[in-house]
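K.L.:
Data file input10.cif (mmCIF, C-alpha atoms and all ligand atoms; chains and numbers go by the auth columns) is appended below.
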```cif
data_coords
#
loop_
_atom_site.group_PDB
_atom_site.id
_atom_site.type_symbol
_atom_site.label_atom_id
_atom_site.label_comp_id
_atom_site.label_asym_id
_atom_site.label_seq_id
_atom_site.Cartn_x
_atom_site.Cartn_y
_atom_site.Cartn_z
_atom_site.B_iso_or_equiv
_atom_site.auth_seq_id
_atom_site.auth_asym_id
ATOM 1 C CA MET A 1 0.000 0.000 0.000 0.00 197 R
ATOM 2 C CA GLU A 2 1.096 3.591 -0.446 0.00 198 R
ATOM 3 C CA PRO A 3 2.432 5.432 2.662 0.00 199 R
ATOM 4 C CA GLY A 4 -0.702 7.642 2.884 0.00 200 R
ATOM 5 C CA PHE A 5 -2.857 4.561 3.465 0.00 201 R
ATOM 6 C CA TRP A 6 -0.877 3.609 6.575 0.00 202 R
ATOM 7 C CA HIS A 7 -0.564 7.156 7.908 0.00 203 R
ATOM 8 C CA ASP A 8 -4.378 7.392 7.696 0.00 204 R
ATOM 9 C CA LYS A 9 -4.718 4.100 9.612 0.00 205 R
ATOM 10 C CA TRP A 10 -2.460 5.321 12.419 0.00 206 R
ATOM 11 C CA ASP A 11 -4.188 8.739 12.510 0.00 207 R
ATOM 12 C CA ALA A 12 -7.633 7.100 12.725 0.00 208 R
ATOM 13 C CA LYS A 13 -6.406 4.428 15.182 0.00 209 R
ATOM 14 C CA HIS A 14 -7.670 1.727 12.821 0.00 210 R
ATOM 15 C CA LEU A 15 -5.179 -0.837 14.034 0.00 211 R
ATOM 16 C CA GLY A 16 -6.935 -4.157 13.552 0.00 212 R
ATOM 17 C CA PHE A 17 -3.556 -5.752 12.795 0.00 213 R
ATOM 18 C CA HIS A 18 -2.078 -4.814 16.185 0.00 214 R
ATOM 19 C CA LEU A 19 -2.153 -7.572 18.799 0.00 215 R
ATOM 20 C CA GLY A 20 -2.392 -6.623 22.439 0.00 216 R
ATOM 21 C CA GLU A 21 -0.087 -9.499 23.295 0.00 217 R
ATOM 22 C CA VAL A 22 2.885 -11.354 21.877 0.00 218 R
ATOM 23 C CA ASN A 23 1.982 -13.482 18.848 0.00 219 R
ATOM 24 C CA VAL A 24 1.497 -17.084 19.970 0.00 220 R
ATOM 25 C CA LEU A 25 3.133 -18.391 16.788 0.00 221 R
ATOM 26 C CA LEU A 26 6.272 -16.379 17.536 0.00 222 R
ATOM 27 C CA ILE A 27 6.409 -17.873 21.038 0.00 223 R
ATOM 28 C CA LYS A 28 5.835 -21.370 19.637 0.00 224 R
ATOM 29 C CA TYR A 29 8.162 -21.312 16.637 0.00 225 R
ATOM 30 C CA TRP A 30 10.977 -18.847 17.389 0.00 226 R
ATOM 31 C CA PRO A 31 12.726 -21.429 19.622 0.00 227 R
ATOM 32 C CA GLU A 32 12.803 -23.791 16.600 0.00 228 R
ATOM 33 C CA LEU A 33 15.286 -21.448 14.941 0.00 229 R
ATOM 34 C CA ALA A 34 17.708 -22.452 17.746 0.00 230 R
ATOM 35 C CA LEU A 35 19.230 -19.000 17.749 0.00 231 R
ATOM 36 C CA ASP A 36 19.619 -18.924 21.520 0.00 232 R
ATOM 37 C CA ASN A 37 21.982 -21.857 21.233 0.00 233 R
ATOM 38 C CA ASP A 38 24.409 -20.039 18.959 0.00 234 R
ATOM 39 C CA SER A 39 27.643 -21.820 19.857 0.00 235 R
ATOM 40 C CA SER A 40 29.856 -18.929 18.762 0.00 236 R
ATOM 41 C CA GLY A 41 28.273 -16.788 21.472 0.00 237 R
ATOM 42 C CA CYS A 42 27.681 -13.927 19.059 0.00 238 R
ATOM 43 C CA ASP A 43 24.770 -11.508 19.485 0.00 239 R
ATOM 44 C CA ILE A 44 21.516 -12.223 17.721 0.00 240 R
ATOM 45 C CA ASN A 45 20.345 -9.092 15.897 0.00 241 R
ATOM 46 C CA VAL A 46 16.806 -9.402 14.586 0.00 242 R
ATOM 47 C CA PHE A 47 15.413 -7.271 11.769 0.00 243 R
ATOM 48 C CA VAL A 48 11.647 -6.675 12.051 0.00 244 R
ATOM 49 C CA PRO A 49 10.379 -5.039 8.846 0.00 245 R
ATOM 50 C CA LEU A 50 7.135 -3.026 9.054 0.00 246 R
ATOM 51 C CA CYS A 51 7.216 -3.469 12.817 0.00 247 R
ATOM 52 C CA GLY A 52 4.334 -1.195 13.834 0.00 248 R
ATOM 53 C CA LYS A 53 4.270 -1.084 17.626 0.00 249 R
ATOM 54 C CA SER A 54 4.323 -4.853 17.898 0.00 250 R
ATOM 55 C CA LEU A 55 4.929 -6.392 21.310 0.00 251 R
ATOM 56 C CA ASP A 56 6.747 -9.142 19.461 0.00 252 R
ATOM 57 C CA MET A 57 9.770 -6.823 19.561 0.00 253 R
ATOM 58 C CA CYS A 58 9.613 -6.916 23.378 0.00 254 R
ATOM 59 C CA TYR A 59 9.492 -10.718 23.286 0.00 255 R
ATOM 60 C CA LEU A 60 12.577 -10.850 21.074 0.00 256 R
ATOM 61 C CA ALA A 61 14.408 -8.363 23.306 0.00 257 R
ATOM 62 C CA ASP A 62 13.379 -10.342 26.404 0.00 258 R
ATOM 63 C CA ARG A 63 15.047 -13.382 24.828 0.00 259 R
ATOM 64 C CA GLY A 64 18.278 -11.407 24.850 0.00 260 R
ATOM 65 C CA HIS A 65 18.250 -10.424 21.188 0.00 261 R
ATOM 66 C CA ASN A 66 18.885 -6.975 19.772 0.00 262 R
ATOM 67 C CA VAL A 67 15.981 -5.777 17.642 0.00 263 R
ATOM 68 C CA LEU A 68 16.116 -3.495 14.617 0.00 264 R
ATOM 69 C CA GLY A 69 12.637 -2.512 13.476 0.00 265 R
ATOM 70 C CA CYS A 70 11.598 -0.432 10.524 0.00 266 R
ATOM 71 C CA GLU A 71 8.322 1.470 10.578 0.00 267 R
ATOM 72 C CA LEU A 72 6.915 4.222 8.398 0.00 268 R
ATOM 73 C CA SER A 73 4.681 5.861 11.005 0.00 269 R
ATOM 74 C CA GLN A 74 6.215 8.150 13.607 0.00 270 R
ATOM 75 C CA LYS A 75 3.020 7.768 15.660 0.00 271 R
ATOM 76 C CA ALA A 76 3.513 3.983 15.765 0.00 272 R
ATOM 77 C CA VAL A 77 7.103 4.295 16.903 0.00 273 R
ATOM 78 C CA GLU A 78 6.314 6.888 19.575 0.00 274 R
ATOM 79 C CA GLN A 79 3.474 4.708 20.862 0.00 275 R
ATOM 80 C CA PHE A 80 5.759 1.658 21.010 0.00 276 R
ATOM 81 C CA PHE A 81 8.199 3.434 23.290 0.00 277 R
ATOM 82 C CA SER A 82 5.606 5.262 25.419 0.00 278 R
ATOM 83 C CA GLU A 83 3.235 2.283 25.880 0.00 279 R
ATOM 84 C CA ASN A 84 6.151 0.099 26.974 0.00 280 R
ATOM 85 C CA ASN A 85 7.649 2.801 29.201 0.00 281 R
ATOM 86 C CA LEU A 86 10.932 2.716 27.344 0.00 282 R
ATOM 87 C CA PRO A 87 13.113 5.814 27.628 0.00 283 R
ATOM 88 C CA HIS A 88 14.682 6.408 24.227 0.00 284 R
ATOM 89 C CA GLN A 89 16.847 8.653 22.111 0.00 285 R
ATOM 90 C CA ILE A 90 16.006 10.021 18.678 0.00 286 R
ATOM 91 C CA GLU A 91 18.630 10.665 16.044 0.00 287 R
ATOM 92 C CA PRO A 92 17.588 12.341 12.793 0.00 288 R
ATOM 93 C CA LEU A 93 19.332 10.569 9.904 0.00 289 R
ATOM 94 C CA GLU A 94 17.704 12.044 6.810 0.00 290 R
ATOM 95 C CA PRO A 95 15.455 10.644 5.409 0.00 291 R
ATOM 96 C CA ILE A 96 14.749 8.523 8.501 0.00 292 R
ATOM 97 C CA ASN A 97 14.730 8.955 12.277 0.00 293 R
ATOM 98 C CA LYS A 98 16.534 6.451 14.461 0.00 294 R
ATOM 99 C CA PHE A 99 14.778 5.715 17.775 0.00 295 R
ATOM 100 C CA THR A 100 16.940 3.792 20.237 0.00 296 R
ATOM 101 C CA THR A 101 16.462 2.188 23.613 0.00 297 R
ATOM 102 C CA GLU A 102 18.648 -0.419 25.243 0.00 298 R
ATOM 103 C CA GLN A 103 17.916 -3.432 23.020 0.00 299 R
ATOM 104 C CA VAL A 104 15.472 -2.047 20.481 0.00 300 R
ATOM 105 C CA THR A 105 16.226 0.344 17.644 0.00 301 R
ATOM 106 C CA ILE A 106 13.528 1.427 15.227 0.00 302 R
ATOM 107 C CA LEU A 107 14.348 3.108 11.945 0.00 303 R
ATOM 108 C CA GLN A 108 11.304 5.303 11.394 0.00 304 R
ATOM 109 C CA GLY A 109 10.808 5.899 7.714 0.00 305 R
ATOM 110 C CA ASP A 110 10.217 4.144 4.415 0.00 306 R
ATOM 111 C CA LEU A 111 11.700 0.648 4.167 0.00 307 R
ATOM 112 C CA PHE A 112 12.643 1.453 0.578 0.00 308 R
ATOM 113 C CA SER A 113 14.900 4.294 1.721 0.00 309 R
ATOM 114 C CA LEU A 114 17.112 1.924 3.728 0.00 310 R
ATOM 115 C CA ALA A 115 20.457 0.587 2.528 0.00 311 R
ATOM 116 C CA PRO A 116 22.154 -2.806 3.125 0.00 312 R
ATOM 117 C CA GLU A 117 25.035 -1.116 4.979 0.00 313 R
ATOM 118 C CA GLN A 118 22.644 -0.366 7.837 0.00 314 R
ATOM 119 C CA PHE A 119 21.957 -4.118 8.187 0.00 315 R
ATOM 120 C CA SER A 120 25.466 -5.586 8.232 0.00 316 R
ATOM 121 C CA GLU A 121 25.061 -6.800 11.853 0.00 317 R
ATOM 122 C CA ILE A 122 21.700 -8.468 11.221 0.00 318 R
ATOM 123 C CA ASN A 123 21.663 -12.266 11.462 0.00 319 R
ATOM 124 C CA ALA A 124 17.955 -12.961 12.058 0.00 320 R
ATOM 125 C CA PHE A 125 14.583 -11.575 11.013 0.00 321 R
ATOM 126 C CA TYR A 126 10.876 -11.774 11.753 0.00 322 R
ATOM 127 C CA ASP A 127 8.080 -10.939 9.325 0.00 323 R
ATOM 128 C CA ARG A 128 4.553 -10.903 10.744 0.00 324 R
ATOM 129 C CA ALA A 129 1.897 -8.901 8.882 0.00 325 R
ATOM 130 C CA ALA A 130 4.599 -7.357 6.680 0.00 326 R
ATOM 131 C CA LEU A 131 4.708 -9.491 3.500 0.00 327 R
ATOM 132 C CA ILE A 132 0.925 -9.799 3.660 0.00 328 R
ATOM 133 C CA ALA A 133 0.550 -6.013 4.030 0.00 329 R
ATOM 134 C CA TRP A 134 1.435 -5.603 0.334 0.00 330 R
ATOM 135 C CA PRO A 135 -0.977 -6.096 -2.550 0.00 331 R
ATOM 136 C CA GLU A 136 0.323 -8.523 -5.155 0.00 332 R
ATOM 137 C CA SER A 137 1.416 -5.630 -7.415 0.00 333 R
ATOM 138 C CA MET A 138 3.871 -4.371 -4.749 0.00 334 R
ATOM 139 C CA ARG A 139 4.798 -7.617 -3.034 0.00 335 R
ATOM 140 C CA LEU A 140 7.723 -8.578 -5.244 0.00 336 R
ATOM 141 C CA ALA A 141 9.334 -5.167 -4.745 0.00 337 R
ATOM 142 C CA TYR A 142 9.077 -5.735 -0.981 0.00 338 R
ATOM 143 C CA VAL A 143 10.674 -9.180 -1.275 0.00 339 R
ATOM 144 C CA GLU A 144 13.495 -7.727 -3.374 0.00 340 R
ATOM 145 C CA GLN A 145 14.101 -4.969 -0.821 0.00 341 R
ATOM 146 C CA ILE A 146 14.205 -7.234 2.253 0.00 342 R
ATOM 147 C CA SER A 147 16.353 -9.699 0.300 0.00 343 R
ATOM 148 C CA ALA A 148 18.790 -6.849 -0.384 0.00 344 R
ATOM 149 C CA LEU A 149 18.806 -5.755 3.271 0.00 345 R
ATOM 150 C CA ILE A 150 19.024 -9.149 5.002 0.00 346 R
ATOM 151 C CA PRO A 151 22.604 -10.482 5.036 0.00 347 R
ATOM 152 C CA PRO A 152 23.381 -14.020 3.786 0.00 348 R
ATOM 153 C CA LYS A 153 22.808 -16.900 6.245 0.00 349 R
ATOM 154 C CA SER A 154 20.373 -14.862 8.358 0.00 350 R
ATOM 155 C CA ILE A 155 17.558 -17.014 9.716 0.00 351 R
ATOM 156 C CA GLY A 156 13.996 -15.893 10.333 0.00 352 R
ATOM 157 C CA LEU A 157 10.316 -16.581 10.639 0.00 353 R
ATOM 158 C CA LEU A 158 7.672 -15.538 8.139 0.00 354 R
ATOM 159 C CA ILE A 159 3.983 -15.654 9.091 0.00 355 R
ATOM 160 C CA THR A 160 1.388 -15.427 6.320 0.00 356 R
ATOM 161 C CA LEU A 161 -2.355 -15.656 5.838 0.00 357 R
ATOM 162 C CA ASP A 162 -4.141 -17.257 2.912 0.00 358 R
ATOM 163 C CA TYR A 163 -7.819 -17.061 1.984 0.00 359 R
ATOM 164 C CA PRO A 164 -9.875 -16.595 -1.195 0.00 360 R
ATOM 165 C CA GLN A 165 -8.801 -13.037 -2.045 0.00 361 R
ATOM 166 C CA GLU A 166 -12.091 -12.218 -3.763 0.00 362 R
ATOM 167 C CA ALA A 167 -13.907 -12.648 -0.437 0.00 363 R
ATOM 168 C CA LEU A 168 -12.186 -9.701 1.248 0.00 364 R
ATOM 169 C CA LYS A 169 -10.359 -6.529 0.317 0.00 365 R
ATOM 170 C CA GLY A 170 -6.892 -6.510 1.916 0.00 366 R
ATOM 171 C CA PRO A 171 -4.781 -5.776 3.751 0.00 367 R
ATOM 172 C CA PRO A 172 -4.011 -8.325 4.949 0.00 368 R
ATOM 173 C CA PHE A 173 -3.650 -9.855 1.511 0.00 369 R
ATOM 174 C CA ALA A 174 -3.787 -13.564 0.777 0.00 370 R
ATOM 175 C CA VAL A 175 -0.366 -15.098 0.202 0.00 371 R
ATOM 176 C CA SER A 176 -0.311 -18.779 -0.713 0.00 372 R
ATOM 177 C CA GLU A 177 2.430 -21.307 -0.072 0.00 373 R
ATOM 178 C CA ASP A 178 2.815 -21.498 -3.819 0.00 374 R
ATOM 179 C CA TRP A 179 3.450 -17.720 -4.020 0.00 375 R
ATOM 180 C CA VAL A 180 6.054 -17.909 -1.246 0.00 376 R
ATOM 181 C CA MET A 181 7.866 -20.851 -2.821 0.00 377 R
ATOM 182 C CA THR A 182 7.754 -19.413 -6.340 0.00 378 R
ATOM 183 C CA ASN A 183 8.834 -15.887 -5.488 0.00 379 R
ATOM 184 C CA MET A 184 11.101 -16.230 -2.465 0.00 380 R
ATOM 185 C CA SER A 185 13.066 -19.423 -3.125 0.00 381 R
ATOM 186 C CA ASP A 186 15.772 -17.671 -5.134 0.00 382 R
ATOM 187 C CA ALA A 187 16.728 -15.572 -2.113 0.00 383 R
ATOM 188 C CA PHE A 188 15.770 -17.888 0.754 0.00 384 R
ATOM 189 C CA GLU A 189 15.815 -21.541 1.722 0.00 385 R
ATOM 190 C CA ILE A 190 12.242 -22.107 2.858 0.00 386 R
ATOM 191 C CA GLU A 191 10.723 -24.658 5.220 0.00 387 R
ATOM 192 C CA LEU A 192 7.019 -24.685 6.075 0.00 388 R
ATOM 193 C CA LEU A 193 6.803 -25.169 9.855 0.00 389 R
ATOM 194 C CA SER A 194 3.027 -25.058 10.219 0.00 390 R
ATOM 195 C CA CYS A 195 -0.197 -24.317 8.416 0.00 391 R
ATOM 196 C CA GLY A 196 -3.411 -24.145 10.393 0.00 392 R
ATOM 197 C CA ASP A 197 -7.002 -22.992 10.277 0.00 393 R
ATOM 198 C CA ALA A 198 -7.182 -19.414 11.592 0.00 394 R
ATOM 199 C CA LEU A 199 -10.772 -18.439 10.743 0.00 395 R
ATOM 200 C CA MET A 200 -12.242 -18.545 14.238 0.00 396 R
ATOM 201 C CA ASP A 201 -9.449 -16.319 15.597 0.00 397 R
ATOM 202 C CA ASN A 202 -10.197 -13.583 13.034 0.00 398 R
ATOM 203 C CA GLN A 203 -13.675 -12.177 13.592 0.00 399 R
ATOM 204 C CA ARG A 204 -13.406 -9.689 10.700 0.00 400 R
ATOM 205 C CA PHE A 205 -13.046 -12.598 8.287 0.00 401 R
ATOM 206 C CA VAL A 206 -15.961 -14.451 9.894 0.00 402 R
ATOM 207 C CA ASN A 207 -18.164 -11.319 9.727 0.00 403 R
ATOM 208 C CA LYS A 208 -17.387 -10.898 6.027 0.00 404 R
ATOM 209 C CA GLY A 209 -18.324 -14.501 5.316 0.00 405 R
ATOM 210 C CA VAL A 210 -14.822 -15.529 4.230 0.00 406 R
ATOM 211 C CA PRO A 211 -15.182 -19.311 3.822 0.00 407 R
ATOM 212 C CA TRP A 212 -11.677 -20.298 4.971 0.00 408 R
ATOM 213 C CA LEU A 213 -8.526 -18.731 6.350 0.00 409 R
ATOM 214 C CA SER A 214 -5.213 -20.429 6.970 0.00 410 R
ATOM 215 C CA GLU A 215 -2.151 -19.126 8.736 0.00 411 R
ATOM 216 C CA SER A 216 1.299 -20.433 7.871 0.00 412 R
ATOM 217 C CA VAL A 217 4.663 -20.186 9.551 0.00 413 R
ATOM 218 C CA TYR A 218 7.843 -20.580 7.517 0.00 414 R
ATOM 219 C CA LYS A 219 11.451 -20.854 8.536 0.00 415 R
ATOM 220 C CA LEU A 220 13.584 -18.893 6.113 0.00 416 R
ATOM 221 C CA LYS A 221 17.339 -18.785 5.625 0.00 417 R
ATOM 222 C CA ARG A 222 18.858 -16.088 3.424 0.00 418 R
ATOM 223 C CA ARG A 223 20.904 -17.813 0.767 0.00 419 R
ATOM 224 C CA SER A 224 24.577 -16.891 0.393 0.00 420 R
HETATM 225 C C1 LIG B . -0.101 -4.604 8.912 0.00 501 M
HETATM 226 S S1 LIG B . 0.886 -3.545 9.851 0.00 501 M
HETATM 227 C C2 LIG B . 1.879 -4.745 10.738 0.00 501 M
HETATM 228 C C3 LIG B . 2.650 -4.190 11.899 0.00 501 M
HETATM 229 C C4 LIG B . 3.393 -5.231 12.721 0.00 501 M
HETATM 230 N N1 LIG B . 4.240 -6.088 11.915 0.00 501 M
HETATM 231 C C5 LIG B . 2.462 -6.057 13.560 0.00 501 M
HETATM 232 O O1 LIG B . 2.539 -7.285 13.500 0.00 501 M
HETATM 233 O O2 LIG B . 1.658 -5.487 14.314 0.00 501 M
HETATM 234 C C6 LIG B . 1.986 -2.922 8.617 0.00 501 M
HETATM 235 C C7 LIG B . 2.879 -1.804 9.126 0.00 501 M
HETATM 236 O O3 LIG B . 3.797 -1.464 8.105 0.00 501 M
HETATM 237 C C8 LIG B . 4.015 -0.085 8.108 0.00 501 M
HETATM 238 N N2 LIG B . 4.497 0.260 6.747 0.00 501 M
HETATM 239 C C9 LIG B . 3.773 0.275 5.616 0.00 501 M
HETATM 240 N N3 LIG B . 4.527 0.615 4.555 0.00 501 M
HETATM 241 C C10 LIG B . 5.785 0.805 5.041 0.00 501 M
HETATM 242 C C11 LIG B . 7.022 1.178 4.445 0.00 501 M
HETATM 243 N N4 LIG B . 7.122 1.442 3.124 0.00 501 M
HETATM 244 N N5 LIG B . 8.110 1.283 5.225 0.00 501 M
HETATM 245 C C12 LIG B . 8.027 1.020 6.569 0.00 501 M
HETATM 246 N N6 LIG B . 6.874 0.671 7.188 0.00 501 M
HETATM 247 C C13 LIG B . 5.774 0.570 6.448 0.00 501 M
HETATM 248 C C14 LIG B . 2.643 0.495 8.456 0.00 501 M
HETATM 249 O O4 LIG B . 2.703 1.798 8.977 0.00 501 M
HETATM 250 C C15 LIG B . 2.122 -0.519 9.460 0.00 501 M
HETATM 251 O O5 LIG B . 2.421 -0.135 10.786 0.00 501 M
#
```
What do you get writing this file as structure tokens?
P.N.:
Amino acid sequence: MEPGFWHDKWDAKHLGFHLGEVNVLLIKYWPELALDNDSSGCDINVFVPLCGKSLDMCYLADRGHNVLGCELSQKAVEQFFSENNLPHQIEPLEPINKFTTEQVTILQGDLFSLAPEQFSEINAFYDRAALIAWPESMRLAYVEQISALIPPKSIGLLITLDYPQEALKGPPFAVSEDWVMTNMSDAFEIELLSCGDALMDNQRFVNKGVPWLSESVYKLKRRS
């Protein structure tokens, strides 16, 4: 979607995508990446594209990881720090602003204005409601950009939704396993960790009469 769409959502507080708790799939599947057991003892630095004010960043930080989010909306970033009582510093780095607290840094600005040099320390990533935030016409550009930013060998989780797209206007947009495999396999090794029925947990889809909704979790590894 274009930036104005998301700024309007944050202005109007239409934040149906925001969870008031840590995503249960993150809690269930992040340990499967075995990042805590890194034998070299090096820091785990997790990139969270289109992070919003997700509490998932707190979960990752609580696990001892460093988090680097990217979020377009200044309102979202300010709310993340204020709602979690996190004192922070702001550094203007045209065209973005860098918000920093102890273990969480958020680059506030357009993902497409970021450069790979800013991601050299990244070795993990987490995409929830980011890939599926893009309509099909913009999705490949997003995949190309995160593929350019995420360093080789980085490991991450991708969470997607799939449903008959004609039944509902996104976002979130339907992304099938076939789409993921076809369009992301050049850049990532992909393993499907789970795929489950998610209809009853998503009242908006039920209300709109969407006949089925599945949620998938993938383990991804950036190819060298
Ligand atoms: C569907 S929300 C998901 C937020 C978060 N991942 C979560 O799970 O709550 C998508 C977020 O992406 C942000 N966004 C959209 N386009 C962006 C862009 N070009 N660069 C950075 N952030 C963007 C929006 O402001 C919005 O907060």
K.L.:
If you count all atoms listed in the file, which residues end up within 6 Å of ligand LIG 501 (chain M), as a ChimeraX atom specification?
P.N.:
/R:199,202,213-214,246-248,250,266-269,305-307,324-326,329
K.L.:
Mind checking which residues fall within 6 Å of Ala383 (chain R), counting all atoms listed in the file, ignoring those fewer than 3 positions away in the same chain, and posting them as a VMD selection string?
P.N.:
chain R and resid 380 418 to 419
K.L.:
Using all atoms listed in the file, which protein or nucleic acid residues come within 8 Å of Phe369 (chain R)? Drop anything in the same chain fewer than 3 positions from it, and give the result as a list in words.
P.N.:
Ile328, Ala329, Trp330, Pro331, Glu332, Leu357, Asp358, Gln361, Lys365 and Gly366 of chain R
K.L.:
With only C-alpha atoms as the atoms that count, which of R:Lys205, R:Ile351, R:Ala257, R:Leu221 lies nearest to Ala394 (chain R)?
P.N.:
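That would be R:Leu221, the residue with the smallest distance to Ala394 (chain R).
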K.L.:
Rank nothing, just name the residue among R:Phe243, R:Phe201, R:Tyr359, R:Phe315 nearest to Val406 (chain R), using all atoms listed in the file.
P.N.:
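So, comparing all the options, the nearest one is R:Tyr359.
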K.L.:
Apply the PyMOL selection byres (((chain R and resi 343) around 10) and not hetatm) to the structure shown and report the selected residues as a PyMOL selection string.
P.N.:
chain R and resi 312+337-342+344-348+380+382-384+418-419
K.L.:
CA of Pro368 (chain R) to CA of Ser350 (chain R): how many Å, to one decimal?
P.N.:
25.5 Å
K.L.:
For CA of Ala370 (chain R) and CA of Leu222 (chain R), determine how far apart the two atoms are, in Å to one decimal place.
P.N.:
19.7 Å
K.L.:
Here is a test: counting all atoms listed in the file, which residue of R:Ala320, R:Leu256, R:Met377, R:Val273 is nearest to Asn241 (chain R)?
P.N.:
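So, comparing all the options, the nearest one is R:Ala320.
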K.L.:
Could you tell me which residues the PyMOL selection byres (((chain R and resi 232) around 12) and not hetatm) returns for this structure, as a list in words?
P.N.:
Trp226, Pro227, Glu228, Leu229, Ala230, Leu231, Asn233, Asp234, Ser235, Ser236, Gly237, Cys238, Asp239, Ile240, Asn241, Leu256, Ala257, Asp258, Arg259, Gly260, His261 and Ala320 of chain R
K.L.:
Pick from R:Trp408, R:Val220, R:Asp374, R:Gln399: nearest to Pro360 (chain R), with all atoms listed in the file counted?
P.N.:
R:Trp408
K.L.:
Distance CA of Tyr322 (chain R)-CA of Leu395 (chain R), one decimal place?
P.N.:
22.7 Å
K.L.:
Going by the chain IDs and residue numbers used in this file, which residues fall under the PyMOL selection byres (((chain R and resi 303) around 7) and not hetatm)? Write them as an MDAnalysis selection string.
P.N.:
chainID R and resid 265:267 292:295 301:302 304:305
K.L.:
Fewer than 4 positions away in the same chain doesn't count, so skip those; otherwise give me all residues within 12 Å of Asp397 (chain R), counting only C-alpha atoms, as number ranges by chain.
P.N.:
R: 215, 220, 392-393, 401-403, 408-411
K.L.:
Env of Ser412 (chain R): 6 Å cut, atoms = all atoms listed in the file, seq-sep filter 4 positions within chain, self excluded. Answer as an MDAnalysis selection string.
P.N.:
chainID R and resid 355:356 390:391
K.L.:
Using only C-alpha atoms for the distances, tell me which of R:Leu264, R:Pro367, R:Trp375, R:Glu313 is nearest to Thr297 (chain R).
P.N.:
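Of R:Leu264, R:Pro367, R:Trp375, R:Glu313, the one nearest Thr297 (chain R), counting only C-alpha atoms, is R:Leu264.
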K.L.:
Give me region 296-310 of chain R with N, CA and C atoms filled in, as a PDB file, in the frame of the given file.
P.N.:
```
ATOM      1  N   THR R 296      16.149   4.839  19.588  1.00  0.00           N
ATOM      2  CA  THR R 296      16.940   3.792  20.237  1.00  0.00           C
ATOM      3  C   THR R 296      16.642   3.699  21.722  1.00  0.00           C
ATOM      4  N   THR R 297      16.429   2.481  22.191  1.00  0.00           N
ATOM      5  CA  THR R 297      16.462   2.188  23.613  1.00  0.00           C
ATOM      6  C   THR R 297      17.449   1.046  23.769  1.00  0.00           C
ATOM      7  N   GLU R 298      17.546   0.506  24.986  1.00  0.00           N
ATOM      8  CA  GLU R 298      18.648  -0.419  25.243  1.00  0.00           C
ATOM      9  C   GLU R 298      18.803  -1.503  24.166  1.00  0.00           C
ATOM     10  N   GLN R 299      17.764  -2.307  23.953  1.00  0.00           N
ATOM     11  CA  GLN R 299      17.916  -3.432  23.020  1.00  0.00           C
ATOM     12  C   GLN R 299      17.080  -3.300  21.756  1.00  0.00           C
ATOM     13  N   VAL R 300      16.339  -2.212  21.656  1.00  0.00           N
ATOM     14  CA  VAL R 300      15.472  -2.047  20.481  1.00  0.00           C
ATOM     15  C   VAL R 300      15.792  -0.725  19.788  1.00  0.00           C
ATOM     16  N   THR R 301      16.054  -0.841  18.488  1.00  0.00           N
ATOM     17  CA  THR R 301      16.226   0.344  17.644  1.00  0.00           C
ATOM     18  C   THR R 301      15.158   0.281  16.569  1.00  0.00           C
ATOM     19  N   ILE R 302      14.495   1.400  16.333  1.00  0.00           N
ATOM     20  CA  ILE R 302      13.528   1.427  15.227  1.00  0.00           C
ATOM     21  C   ILE R 302      13.929   2.539  14.260  1.00  0.00           C
ATOM     22  N   LEU R 303      14.092   2.138  13.012  1.00  0.00           N
ATOM     23  CA  LEU R 303      14.348   3.108  11.945  1.00  0.00           C
ATOM     24  C   LEU R 303      12.985   3.557  11.451  1.00  0.00           C
ATOM     25  N   GLN R 304      12.641   4.800  11.741  1.00  0.00           N
ATOM     26  CA  GLN R 304      11.304   5.303  11.394  1.00  0.00           C
ATOM     27  C   GLN R 304      11.393   5.997  10.041  1.00  0.00           C
ATOM     28  N   GLY R 305      10.777   5.375   9.066  1.00  0.00           N
ATOM     29  CA  GLY R 305      10.808   5.899   7.714  1.00  0.00           C
ATOM     30  C   GLY R 305      10.439   4.800   6.742  1.00  0.00           C
ATOM     31  N   ASP R 306      10.610   5.079   5.473  1.00  0.00           N
ATOM     32  CA  ASP R 306      10.217   4.144   4.415  1.00  0.00           C
ATOM     33  C   ASP R 306      11.264   3.034   4.263  1.00  0.00           C
ATOM     34  N   LEU R 307      10.807   1.801   4.345  1.00  0.00           N
ATOM     35  CA  LEU R 307      11.700   0.648   4.167  1.00  0.00           C
ATOM     36  C   LEU R 307      12.542   0.783   2.893  1.00  0.00           C
ATOM     37  N   PHE R 308      11.950   1.376   1.869  1.00  0.00           N
ATOM     38  CA  PHE R 308      12.643   1.453   0.578  1.00  0.00           C
ATOM     39  C   PHE R 308      13.724   2.531   0.573  1.00  0.00           C
ATOM     40  N   SER R 309      13.826   3.300   1.657  1.00  0.00           N
ATOM     41  CA  SER R 309      14.900   4.294   1.721  1.00  0.00           C
ATOM     42  C   SER R 309      16.105   3.744   2.484  1.00  0.00           C
ATOM     43  N   LEU R 310      16.023   2.498   2.937  1.00  0.00           N
ATOM     44  CA  LEU R 310      17.112   1.924   3.728  1.00  0.00           C
ATOM     45  C   LEU R 310      18.128   1.222   2.827  1.00  0.00           C
TER      46      LEU R 310
END
```
